[in-house]
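So this block is coords07.cif, mmCIF, C-alpha atoms:
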```
data_upload
#
loop_
_atom_site.label_atom_id
_atom_site.label_comp_id
_atom_site.auth_asym_id
_atom_site.auth_seq_id
_atom_site.Cartn_x
_atom_site.Cartn_y
_atom_site.Cartn_z
CA MET G 208 56.34 91.29 -56.40
CA LYS G 209 53.82 89.14 -54.64
CA LEU G 210 53.15 85.58 -55.61
CA SER G 211 49.55 85.67 -56.69
CA LEU G 212 48.49 82.08 -56.95
CA ASN G 213 45.00 81.60 -55.63
CA LYS G 214 43.86 78.60 -53.65
CA GLY G 215 42.51 76.83 -56.69
CA SER G 216 45.77 76.89 -58.60
CA TRP G 217 47.72 75.78 -55.52
CA ALA G 218 45.39 72.82 -55.29
CA ALA G 219 46.06 72.09 -58.95
CA VAL G 220 49.82 72.27 -58.37
CA LEU G 221 49.58 69.92 -55.41
CA LEU G 222 47.41 67.54 -57.37
CA LEU G 223 49.91 67.46 -60.21
CA ALA G 224 52.84 67.00 -57.86
CA SER G 225 51.37 64.40 -55.54
CA PRO G 226 52.51 60.89 -56.37
CA LEU G 227 49.33 58.94 -56.97
CA SER G 228 49.75 55.66 -55.22
CA ALA G 229 50.05 53.07 -57.92
CA ALA G 230 48.82 50.34 -55.60
CA ASP G 231 45.26 51.67 -55.70
CA LEU G 232 44.97 51.71 -59.46
CA PRO G 233 42.88 49.12 -61.27
CA VAL G 234 45.01 46.59 -63.10
CA PHE G 235 44.31 45.28 -66.58
CA ARG G 236 46.21 42.59 -68.41
CA ILE G 237 47.01 41.81 -72.00
CA ALA G 238 48.93 38.74 -73.04
CA ILE G 239 50.95 38.18 -76.18
CA LYS G 240 50.75 34.56 -77.23
CA ASP G 241 51.59 33.00 -80.57
CA HIS G 242 52.09 36.56 -81.81
CA LYS G 243 48.56 37.61 -81.01
CA PHE G 244 47.23 39.96 -78.38
CA SER G 245 44.79 38.40 -75.99
CA PRO G 246 42.32 39.94 -75.58
CA ARG G 247 42.52 41.75 -78.89
CA THR G 248 40.12 44.33 -77.58
CA LEU G 249 40.51 45.39 -73.98
CA THR G 250 37.68 47.39 -72.45
CA VAL G 251 38.66 49.82 -69.74
CA PRO G 252 36.73 52.51 -67.87
CA SER G 253 37.21 55.97 -69.33
CA GLY G 254 38.26 58.89 -67.15
CA GLN G 255 40.32 56.72 -64.86
CA LYS G 256 43.99 55.98 -64.62
CA PHE G 257 44.95 52.31 -64.70
CA LYS G 258 47.89 49.99 -64.80
CA LEU G 259 48.32 47.73 -67.78
CA ILE G 260 50.45 44.64 -67.46
CA VAL G 261 51.49 43.20 -70.80
CA SER G 262 52.87 39.71 -70.51
CA ASN G 263 54.74 38.16 -73.35
CA GLU G 264 54.22 34.43 -73.27
CA ASP G 265 56.15 33.84 -76.46
CA ALA G 266 59.84 33.07 -76.40
CA GLU G 267 60.74 36.01 -78.64
CA PRO G 268 60.88 39.67 -77.63
CA ALA G 269 57.97 41.93 -78.53
CA GLU G 270 57.34 45.64 -78.26
CA PHE G 271 53.98 46.88 -77.07
CA GLU G 272 53.59 50.19 -78.85
CA SER G 273 50.87 52.73 -79.47
CA PHE G 274 51.34 55.97 -81.35
CA VAL G 275 48.03 57.41 -80.23
CA LEU G 276 48.77 56.63 -76.57
CA HIS G 277 52.51 57.46 -76.72
CA ARG G 278 53.54 54.14 -75.31
CA GLU G 279 56.56 51.99 -76.16
CA GLN G 280 57.46 49.03 -74.04
CA VAL G 281 59.90 46.32 -75.05
CA ILE G 282 59.00 43.00 -73.48
CA VAL G 283 61.54 40.23 -73.86
CA GLY G 284 60.35 36.64 -74.18
CA LYS G 285 58.56 35.04 -71.23
CA SER G 286 58.33 38.22 -69.22
CA GLN G 287 56.06 41.15 -68.62
CA GLY G 288 56.08 44.92 -68.74
CA THR G 289 54.07 47.54 -66.89
CA VAL G 290 52.56 50.55 -68.59
CA PHE G 291 50.46 53.21 -66.90
CA LEU G 292 47.61 54.65 -68.90
CA GLY G 293 44.78 57.10 -68.66
CA PRO G 294 42.64 58.76 -67.68
CA LEU G 295 41.43 58.12 -71.23
CA LYS G 296 38.57 59.80 -72.99
CA THR G 297 35.83 57.53 -74.27
CA GLY G 298 36.98 56.05 -77.55
CA SER G 299 39.15 53.39 -79.06
CA TYR G 300 42.93 53.37 -79.11
CA GLU G 301 45.03 51.18 -81.32
CA PHE G 302 48.20 49.45 -80.23
CA PHE G 303 50.52 47.00 -81.96
CA ASP G 304 53.64 44.89 -81.61
CA ASP G 305 56.38 47.00 -83.13
CA PHE G 306 58.47 43.91 -83.81
CA HIS G 307 55.60 42.25 -85.71
CA SER G 308 53.64 45.23 -86.94
CA THR G 309 50.71 43.22 -88.30
CA VAL G 310 49.92 42.12 -84.74
CA ARG G 311 47.42 44.67 -83.54
CA GLY G 312 44.85 45.27 -80.83
CA THR G 313 42.59 47.94 -79.43
CA ILE G 314 41.84 49.48 -76.07
CA GLU G 315 38.23 50.58 -75.79
CA ALA G 316 37.66 53.21 -73.16
CA ALA G 317 33.99 53.24 -72.19
CA ALA G 318 32.07 55.13 -69.52
CA PRO G 319 32.51 53.18 -66.26
CA ALA G 320 28.90 51.94 -66.06
CA SER G 321 29.03 50.20 -69.42
CA ALA G 322 32.50 48.89 -68.75
CA GLU G 323 31.30 47.17 -65.58
CA LYS G 324 28.46 45.49 -67.40
CA LYS G 325 30.64 43.35 -69.64
CA MET C 125 63.33 39.46 -95.34
CA ILE C 126 61.17 42.45 -96.18
CA ALA C 127 59.83 42.68 -92.63
CA SER C 128 63.31 42.74 -91.16
CA ALA C 129 64.48 45.26 -93.78
CA ILE C 130 61.64 47.63 -92.93
CA ILE C 131 62.01 47.52 -89.17
CA VAL C 132 65.79 47.76 -89.25
CA PHE C 133 65.45 50.65 -91.70
CA ARG C 134 63.15 52.57 -89.37
CA GLU C 135 65.41 52.20 -86.35
CA ALA C 136 68.60 52.77 -88.34
CA LEU C 137 67.10 55.86 -89.96
CA GLU C 138 66.63 57.55 -86.60
CA ALA C 139 70.21 56.88 -85.53
CA ALA C 140 71.63 57.80 -88.95
CA LEU C 141 69.87 61.15 -88.99
CA VAL C 142 71.32 62.02 -85.61
CA ILE C 143 74.79 61.04 -86.84
CA GLY C 144 74.26 63.06 -90.04
CA ILE C 145 73.38 66.18 -88.06
CA VAL C 146 76.23 65.67 -85.62
CA LEU C 147 78.78 65.16 -88.39
CA GLY C 148 77.44 68.20 -90.21
CA ALA C 149 77.40 70.39 -87.13
CA THR C 150 81.04 69.65 -86.36
CA ARG C 151 82.21 70.60 -89.80
CA GLY C 152 85.60 72.20 -89.57
CA ILE C 153 86.55 70.61 -86.29
CA LYS C 154 89.62 68.47 -86.33
CA GLY C 155 89.31 64.81 -85.41
CA ARG C 156 85.56 64.60 -85.92
CA LYS C 157 85.76 61.51 -88.13
CA THR C 158 87.62 59.55 -85.49
CA ALA C 159 85.10 60.84 -82.98
CA VAL C 160 82.14 59.65 -85.08
CA ALA C 161 83.71 56.22 -85.43
CA TRP C 162 84.13 56.03 -81.66
CA GLY C 163 80.58 57.24 -81.17
CA VAL C 164 79.06 54.65 -83.48
CA GLY C 165 81.34 51.87 -82.21
CA SER C 166 80.54 52.47 -78.57
CA GLY C 167 76.87 52.89 -79.49
CA VAL C 168 76.82 49.45 -81.13
CA LEU C 169 78.56 47.92 -78.14
CA GLY C 170 76.09 49.67 -75.84
CA ALA C 171 73.19 48.37 -77.95
CA LEU C 172 74.35 44.78 -77.52
CA ILE C 173 74.72 45.23 -73.77
CA VAL C 174 71.34 46.93 -73.41
CA ALA C 175 69.65 44.25 -75.53
CA ALA C 176 71.18 41.52 -73.38
CA LEU C 177 70.10 43.24 -70.16
CA MET C 178 66.70 44.43 -71.40
CA GLY C 179 64.81 41.76 -69.47
CA ARG C 180 66.41 42.87 -66.22
CA ILE C 181 66.12 46.59 -66.98
CA ALA C 182 62.41 46.16 -67.69
CA GLN C 183 61.75 44.37 -64.40
CA ALA C 184 63.38 47.12 -62.34
CA VAL C 185 61.32 49.75 -60.49
CA SER C 186 58.19 47.55 -60.42
CA GLY C 187 58.12 46.92 -64.13
CA THR C 188 58.67 50.49 -65.28
CA GLY C 189 62.46 50.16 -65.57
CA GLN C 190 62.57 50.28 -69.33
CA ALA C 191 60.60 53.51 -69.65
CA LEU C 192 62.74 55.16 -66.97
CA PHE C 193 65.91 53.91 -68.64
CA GLU C 194 64.83 55.30 -72.02
CA ALA C 195 63.96 58.62 -70.40
CA ALA C 196 67.35 58.80 -68.67
CA VAL C 197 69.23 58.01 -71.89
CA LEU C 198 67.23 60.62 -73.80
CA PHE C 199 67.72 63.32 -71.17
CA THR C 200 71.46 62.64 -71.14
CA ALA C 201 71.52 63.10 -74.91
CA VAL C 202 69.54 66.34 -74.55
CA ALA C 203 72.09 67.63 -72.04
CA MET C 204 74.96 66.75 -74.37
CA LEU C 205 73.30 68.50 -77.33
CA GLY C 206 72.55 71.54 -75.17
CA TRP C 207 76.13 71.71 -73.98
CA HIS C 208 77.33 71.70 -77.57
CA CYS C 209 75.01 74.60 -78.44
CA VAL C 210 76.35 76.64 -75.54
CA TRP C 211 79.93 75.94 -76.55
CA MET C 212 79.20 76.84 -80.16
CA SER C 213 77.71 80.17 -79.16
CA ARG C 214 81.16 81.08 -77.81
CA HIS C 215 83.32 79.54 -80.48
CA GLY C 216 81.06 79.38 -83.50
CA LYS C 217 82.13 82.72 -84.93
CA LYS C 218 85.80 81.83 -84.85
CA LEU C 219 85.02 78.43 -86.33
CA ALA C 220 83.02 79.95 -89.19
CA GLN C 221 85.85 82.42 -89.81
CA ASP C 222 88.46 79.67 -89.95
CA LEU C 223 86.28 77.58 -92.18
CA LYS C 224 85.84 80.45 -94.60
CA ASN C 225 89.55 81.24 -94.75
CA LEU C 226 91.06 77.80 -94.74
CA GLY C 227 88.31 75.41 -95.77
CA GLY C 228 89.58 72.25 -94.11
CA ASP C 229 89.52 70.88 -90.61
CA VAL C 230 91.13 73.59 -88.61
CA THR C 231 89.98 73.94 -85.08
CA LYS C 232 91.41 71.90 -82.28
CA GLY C 233 89.19 71.94 -79.17
CA LEU C 234 87.69 68.47 -79.35
CA LYS C 235 85.93 68.57 -75.99
CA PRO C 236 82.46 69.71 -77.10
CA VAL C 237 82.67 67.42 -80.11
CA ASN C 238 82.87 64.57 -77.68
CA ALA C 239 79.62 65.71 -76.10
CA LEU C 240 77.98 65.65 -79.48
CA TYR C 241 79.32 62.20 -80.27
CA ALA C 242 78.18 60.94 -76.92
CA ALA C 243 74.71 62.04 -78.02
CA ALA C 244 75.14 60.14 -81.30
CA ALA C 245 76.41 57.08 -79.42
CA LEU C 246 73.32 57.16 -77.20
CA ALA C 247 71.07 57.32 -80.28
CA VAL C 248 72.84 54.33 -81.80
CA MET C 249 72.55 52.47 -78.51
CA ARG C 250 68.82 53.13 -78.18
CA GLU C 251 67.82 52.26 -81.71
CA GLY C 252 70.44 49.53 -82.03
CA SER C 253 69.23 47.62 -78.99
CA GLU C 254 65.79 47.38 -80.58
CA ILE C 255 67.29 46.09 -83.82
CA VAL C 256 69.24 43.45 -81.90
CA LEU C 257 66.19 42.30 -79.93
CA PHE C 258 64.03 42.24 -83.01
CA LEU C 259 66.50 40.26 -85.14
CA TYR C 260 67.21 37.92 -82.25
CA GLY C 261 63.47 37.29 -81.93
CA LEU C 262 63.09 36.49 -85.61
CA ALA C 263 66.09 34.19 -85.53
CA ALA C 264 64.77 32.44 -82.43
CA SER C 265 61.38 31.91 -84.07
CA GLY C 266 63.07 29.97 -86.84
CA ALA C 267 63.18 32.49 -89.66
CA GLY C 268 66.06 31.83 -92.04
CA VAL C 269 69.13 33.53 -90.64
CA LYS C 270 70.46 34.32 -94.08
CA SER C 271 67.40 36.18 -95.33
CA LEU C 272 67.15 37.84 -91.93
CA LEU C 273 70.65 39.21 -92.06
CA LEU C 274 70.24 40.24 -95.67
CA GLY C 275 67.06 42.11 -94.82
CA GLY C 276 68.76 43.70 -91.84
CA LEU C 277 71.69 44.74 -93.96
CA ILE C 278 69.44 46.31 -96.60
CA GLY C 279 67.56 48.20 -93.89
CA LEU C 280 70.78 49.35 -92.29
CA LEU C 281 72.25 50.56 -95.58
CA ALA C 282 69.06 52.38 -96.53
CA GLY C 283 68.99 54.11 -93.14
CA ALA C 284 72.66 55.04 -93.42
CA ALA C 285 72.06 56.39 -96.93
CA ALA C 286 69.38 58.73 -95.59
CA GLY C 287 71.82 59.99 -92.97
CA ALA C 288 74.46 60.52 -95.66
CA VAL C 289 72.03 62.47 -97.84
CA LEU C 290 71.20 64.71 -94.91
CA TYR C 291 74.89 65.27 -94.20
CA MET C 292 75.68 66.11 -97.82
CA GLY C 293 72.80 68.55 -97.88
CA LEU C 294 74.03 70.19 -94.71
CA VAL C 295 77.58 70.79 -95.87
CA ARG C 296 76.26 72.56 -98.98
CA ILE C 297 74.80 75.31 -96.84
CA PRO C 298 76.90 78.46 -97.20
CA VAL C 299 79.34 78.92 -94.34
CA ARG C 300 77.80 82.16 -93.17
CA LEU C 301 74.46 80.44 -92.50
CA PHE C 302 75.87 77.05 -91.69
CA PHE C 303 76.31 77.22 -87.92
CA ARG C 304 73.02 78.98 -87.43
CA VAL C 305 71.18 76.26 -89.37
CA THR C 306 72.94 73.33 -87.72
CA GLY C 307 72.59 75.03 -84.33
CA TRP C 308 68.84 75.15 -84.76
CA MET C 309 68.73 71.58 -86.01
CA ILE C 310 70.49 70.46 -82.87
CA ILE C 311 68.10 72.44 -80.67
CA LEU C 312 65.08 70.86 -82.41
CA LEU C 313 66.69 67.43 -82.18
CA ALA C 314 67.14 67.96 -78.44
CA ALA C 315 63.58 69.26 -78.04
CA GLY C 316 62.20 66.19 -79.81
CA MET C 317 64.21 63.90 -77.55
CA ALA C 318 63.01 65.75 -74.45
CA SER C 319 59.41 65.34 -75.58
CA GLN C 320 59.95 61.59 -76.11
CA ALA C 321 61.58 61.34 -72.70
CA ALA C 322 58.60 63.10 -71.13
CA ALA C 323 56.27 60.52 -72.70
CA PHE C 324 58.35 57.76 -71.11
CA LEU C 325 58.10 59.44 -67.70
CA ASN C 326 54.36 59.57 -68.17
CA GLN C 327 54.32 55.90 -69.18
CA ALA C 328 56.08 55.07 -65.89
CA ASP C 329 53.58 57.24 -63.99
CA TRP C 330 56.18 59.77 -62.85
CA LEU C 331 54.57 62.75 -64.56
CA PRO C 332 50.96 63.48 -65.58
CA ALA C 333 50.12 63.83 -69.28
CA ILE C 334 48.43 67.19 -68.45
CA LYS C 335 46.34 66.72 -71.58
CA ASP C 336 46.26 63.50 -73.58
CA SER C 337 46.36 65.05 -76.98
CA LEU C 338 46.53 68.74 -77.82
CA TRP C 339 45.75 68.20 -81.49
CA ASP C 340 45.84 65.41 -84.04
CA THR C 341 47.52 65.69 -87.41
CA SER C 342 47.74 61.96 -88.13
CA TRP C 343 45.42 62.52 -91.13
CA LEU C 344 48.19 64.67 -92.61
CA ILE C 345 51.37 62.83 -91.61
CA SER C 346 50.92 59.58 -89.73
CA ALA C 347 53.49 58.49 -87.19
CA GLU C 348 53.85 55.18 -89.03
CA SER C 349 54.88 56.72 -92.35
CA VAL C 350 58.52 57.17 -93.33
CA LEU C 351 57.96 60.92 -93.43
CA GLY C 352 56.54 60.73 -89.92
CA THR C 353 59.61 58.83 -88.67
CA LEU C 354 61.89 61.29 -90.42
CA LEU C 355 60.19 64.29 -88.88
CA LYS C 356 59.97 62.60 -85.50
CA THR C 357 63.75 62.36 -85.35
CA LEU C 358 64.57 65.68 -86.95
CA VAL C 359 62.09 67.99 -85.26
CA GLY C 360 60.34 65.75 -82.72
CA TYR C 361 57.15 65.43 -84.75
CA THR C 362 54.30 63.55 -83.16
CA PRO C 363 50.80 63.73 -84.65
CA ASN C 364 49.06 64.09 -81.29
CA PRO C 365 51.38 65.52 -78.64
CA SER C 366 50.31 65.42 -75.02
CA GLY C 367 50.40 68.62 -72.97
CA LEU C 368 53.42 67.25 -71.11
CA GLN C 369 55.31 66.60 -74.33
CA ALA C 370 54.57 70.08 -75.65
CA LEU C 371 55.76 71.57 -72.36
CA PHE C 372 59.07 69.69 -72.49
CA TYR C 373 59.51 70.47 -76.17
CA ALA C 374 58.99 74.21 -75.74
CA GLY C 375 60.89 74.21 -72.45
CA THR C 376 63.96 72.63 -74.03
CA ILE C 377 64.01 75.16 -76.87
CA ALA C 378 63.61 78.03 -74.40
CA LEU C 379 66.27 76.68 -72.05
CA ILE C 380 68.94 75.93 -74.65
CA SER C 381 68.42 79.15 -76.60
CA SER C 382 68.54 81.31 -73.47
CA LEU C 383 71.65 79.50 -72.22
CA THR C 384 73.37 80.13 -75.55
CA LYS C 385 72.38 83.81 -75.34
CA LEU C 386 73.84 84.03 -71.84
CA ALA C 387 77.04 82.32 -72.90
CA GLN C 388 77.53 84.77 -75.73
CA GLU C 389 77.82 87.73 -73.38
#
```
Can you turn what I pasted into structure tokens?
Amino acid sequence: MKLSLNKGSWAAVLLLASPLSAADLPVFRIAIKDHKFSPRTLTVPSGQKFKLIVSNEDAEPAEFESFVLHREQVIVGKSQGTVFLGPLKTGSYEFFDDFHSTVRGTIEAAAPASAEKK
Amino acid sequence: MIASAIIVFREALEAALVIGIVLGATRGIKGRKTAVAWGVGSGVLGALIVAALMGRIAQAVSGTGQALFEAAVLFTAVAMLGWHCVWMSRHGKKLAQDLKNLGGDVTKGLKPVNALYAAAALAVMREGSEIVLFLYGLAASGAGVKSLLLGGLIGLLAGAAAGAVLYMGLVRIPVRLFFRVTGWMIILLAAGMASQAAAFLNQADWLPAIKDSLWDTSWLISAESVLGTLLKTLVGYTPNPSGLQALFYAGTIALISSLTKLAQE
């Protein structure tokens, strides 16, 4: 038996395995204040991985959660949590505070050019 | 009060279903009731500790500590469930035989039961810590403690009732099918946990999603519905699994079922 992986698939394997340096990723921030997300709609470039820092400025714990994005991050009062996201397809993605489920927000992933314009 | 009842219900439901399956699957094994009490008790204790330390856990590993912690807890539970399946493949026949002949709790070997209860304890710890943080938050924001606790209690009881219903349904299954059914339930439970753990590893940027969403059935059963929560715990349902989640889900089923086959020989 000969291992028959061609160059292309080896490249894919390496790409999957290589730790992408988190330092180079764009950083976006969402704050939770008075049980509201700020901004309520965060625009990010589509097709690109990014780091999202959610800071909870309230005294009570919150949980940043999104079913569509498969994210769940408990953030105790007066602290912050880091969530990596993307690359996202163009579109809008809902998230909410699982501890106060009426508190909701959206991430809008837009093609980079239009995201830069804002 | 209603808000706290609903959230506590959702978290308690997940833990109660795991306990229901675990209790059902260890039917016929001596000492399982003591074991479940220990499992739940240590799970509650663990939940309080985790809730108290959550701030510090979250700050670890440049802010991804919580996701990594959740993934580690889930993978440990998966290993425990898998170990039980392997043990059952060796001893299940004898257990079913004893159960048929004698009816009551007959078999000694408590070791693998402990693995299963460790898995239940971990489920209680995970869901419980969220309940603690949530209730603490409401209390801190000045909501009436009385209505809060009442709501929490209602939620907890409703969740426990669902677990009890599942258990009572399980023990009605005829003995000859019983261990096969509960065996598969445990495998699916483990697969669902592995898929959740994979999502946490992706959240912490340790593994790529491979594909964001393979399909989307949220129009049919949304993740927010009670049915969605039920299915999420029981069979790992998610309306829009990522490629990574599907890989871990299928991989866990393949791994546990082939290990049980190997152990049988």
Using the chain letters and numbers from the file, give me the residues hit by the PyMOL selection byres ((chain C) within 9 of (chain G)), as an MDAnalysis selection string. chainID C and resid 127:128 131 178:179 182:183 186:191 254 257:265 320 323:324 326:334 336:337 347:348 362:366
Hey, what comes out of the PyMOL selection byres ((chain C and resi 245) around 10) on this file? Could you write it as a PDB file with C-alpha atoms, in the frame of the given file?
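Output below, filename expr35.pdb:
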```
ATOM      1  CA  ALA C 139      70.210  56.880 -85.530  1.00  0.00           C
ATOM      2  CA  VAL C 142      71.320  62.020 -85.610  1.00  0.00           C
ATOM      3  CA  ILE C 143      74.790  61.040 -86.840  1.00  0.00           C
ATOM      4  CA  VAL C 160      82.140  59.650 -85.080  1.00  0.00           C
ATOM      5  CA  ALA C 161      83.710  56.220 -85.430  1.00  0.00           C
ATOM      6  CA  TRP C 162      84.130  56.030 -81.660  1.00  0.00           C
ATOM      7  CA  GLY C 163      80.580  57.240 -81.170  1.00  0.00           C
ATOM      8  CA  VAL C 164      79.060  54.650 -83.480  1.00  0.00           C
ATOM      9  CA  GLY C 165      81.340  51.870 -82.210  1.00  0.00           C
ATOM     10  CA  SER C 166      80.540  52.470 -78.570  1.00  0.00           C
ATOM     11  CA  GLY C 167      76.870  52.890 -79.490  1.00  0.00           C
ATOM     12  CA  VAL C 168      76.820  49.450 -81.130  1.00  0.00           C
ATOM     13  CA  LEU C 169      78.560  47.920 -78.140  1.00  0.00           C
ATOM     14  CA  GLY C 170      76.090  49.670 -75.840  1.00  0.00           C
ATOM     15  CA  ALA C 171      73.190  48.370 -77.950  1.00  0.00           C
ATOM     16  CA  ALA C 201      71.520  63.100 -74.910  1.00  0.00           C
ATOM     17  CA  ALA C 239      79.620  65.710 -76.100  1.00  0.00           C
ATOM     18  CA  LEU C 240      77.980  65.650 -79.480  1.00  0.00           C
ATOM     19  CA  TYR C 241      79.320  62.200 -80.270  1.00  0.00           C
ATOM     20  CA  ALA C 242      78.180  60.940 -76.920  1.00  0.00           C
ATOM     21  CA  ALA C 243      74.710  62.040 -78.020  1.00  0.00           C
ATOM     22  CA  ALA C 244      75.140  60.140 -81.300  1.00  0.00           C
ATOM     23  CA  LEU C 246      73.320  57.160 -77.200  1.00  0.00           C
ATOM     24  CA  ALA C 247      71.070  57.320 -80.280  1.00  0.00           C
ATOM     25  CA  VAL C 248      72.840  54.330 -81.800  1.00  0.00           C
ATOM     26  CA  MET C 249      72.550  52.470 -78.510  1.00  0.00           C
ATOM     27  CA  ARG C 250      68.820  53.130 -78.180  1.00  0.00           C
ATOM     28  CA  GLY C 252      70.440  49.530 -82.030  1.00  0.00           C
TER      29      GLY C 252
END
```
Residue by residue, what does the PyMOL selection byres ((chain G and resi 241) around 10) grab here? Present the result as a PyMOL selection string. chain G and resi 238-240+242-245+263-267
Can you pull out every residue within 7 Å of segment 207-221 of chain C, counting only C-alpha atoms, but drop anything in the same chain fewer than 5 positions away, and send it as a list of chain:residue names?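 Listing them by chain and then by number gives C:Thr231, C:Pro236, C:Ala239, C:Leu240, C:Val299, C:Arg300, C:Phe303, C:Gly307, C:Leu383, C:Thr384, C:Ala387, C:Gln388.
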Tell me, in Å to one decimal, how far atom CA of Glu301 of chain G is from atom CA of Thr313 of chain G. 4.5 Å
What lies within 7 Å of Ala322 of chain C using all atoms listed in the file, ignoring chain neighbours under 5 positions off, as a list in words?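 Listing them by chain and then by number gives Leu368, Gln369 and Phe372 of chain C.
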So the first atom is atom CA of Lys270 of chain C and the second is atom CA of Ala136 of chain C; what is the distance between them in Å, to one decimal place? 19.4 Å
Can you measure atom CA of Leu312 of chain C to atom CA of Thr376 of chain C for me? One decimal in Å is fine. 8.6 Å
So that I can check the surroundings of Phe302 of chain C, please list as a list of chain:residue names every protein, DNA and RNA residue that reaches within 10 Å of it, counting all atoms listed in the file and ignoring chain neighbours fewer than 4 positions away.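 So, after excluding close chain neighbours, the residues are C:Gly148, C:Ala149, C:Arg151, C:Gly216, C:Ala220, C:Leu294, C:Val295, C:Arg296, C:Ile297, C:Pro298, C:Thr306, C:Gly307.
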Mind checking which residues fall within 9 Å of Thr357 of chain C, counting all atoms listed in the file, ignoring those fewer than 5 positions away in the same chain, and posting them as a list in words? Leu137, Glu138, Ala139, Leu141, Val142, Leu313, Gly316, Met317 and Gly352 of chain C
From the set C:Ile173, C:Ala284, C:Ser319, C:Lys224, which residue has the shortest atom-to-atom contact distance to Gly375 of chain C, counting only C-alpha atoms?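 Among the listed residues, C:Ser319 lies closest to Gly375 of chain C.
Nearest residue to Leu192 of chain C among C:Met292, C:Ile278, C:Ala140, C:Leu325 is C:Leu325, counting only C-alpha atoms.
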Extract, using all atoms listed in the file, all DNA, RNA and protein residues at most 10 Å from segment 249-253 of chain G, discarding same-chain residues fewer than 5 positions from it, and format them as a PyMOL selection string. chain G and resi 233-237+244+293-300+312-323+325
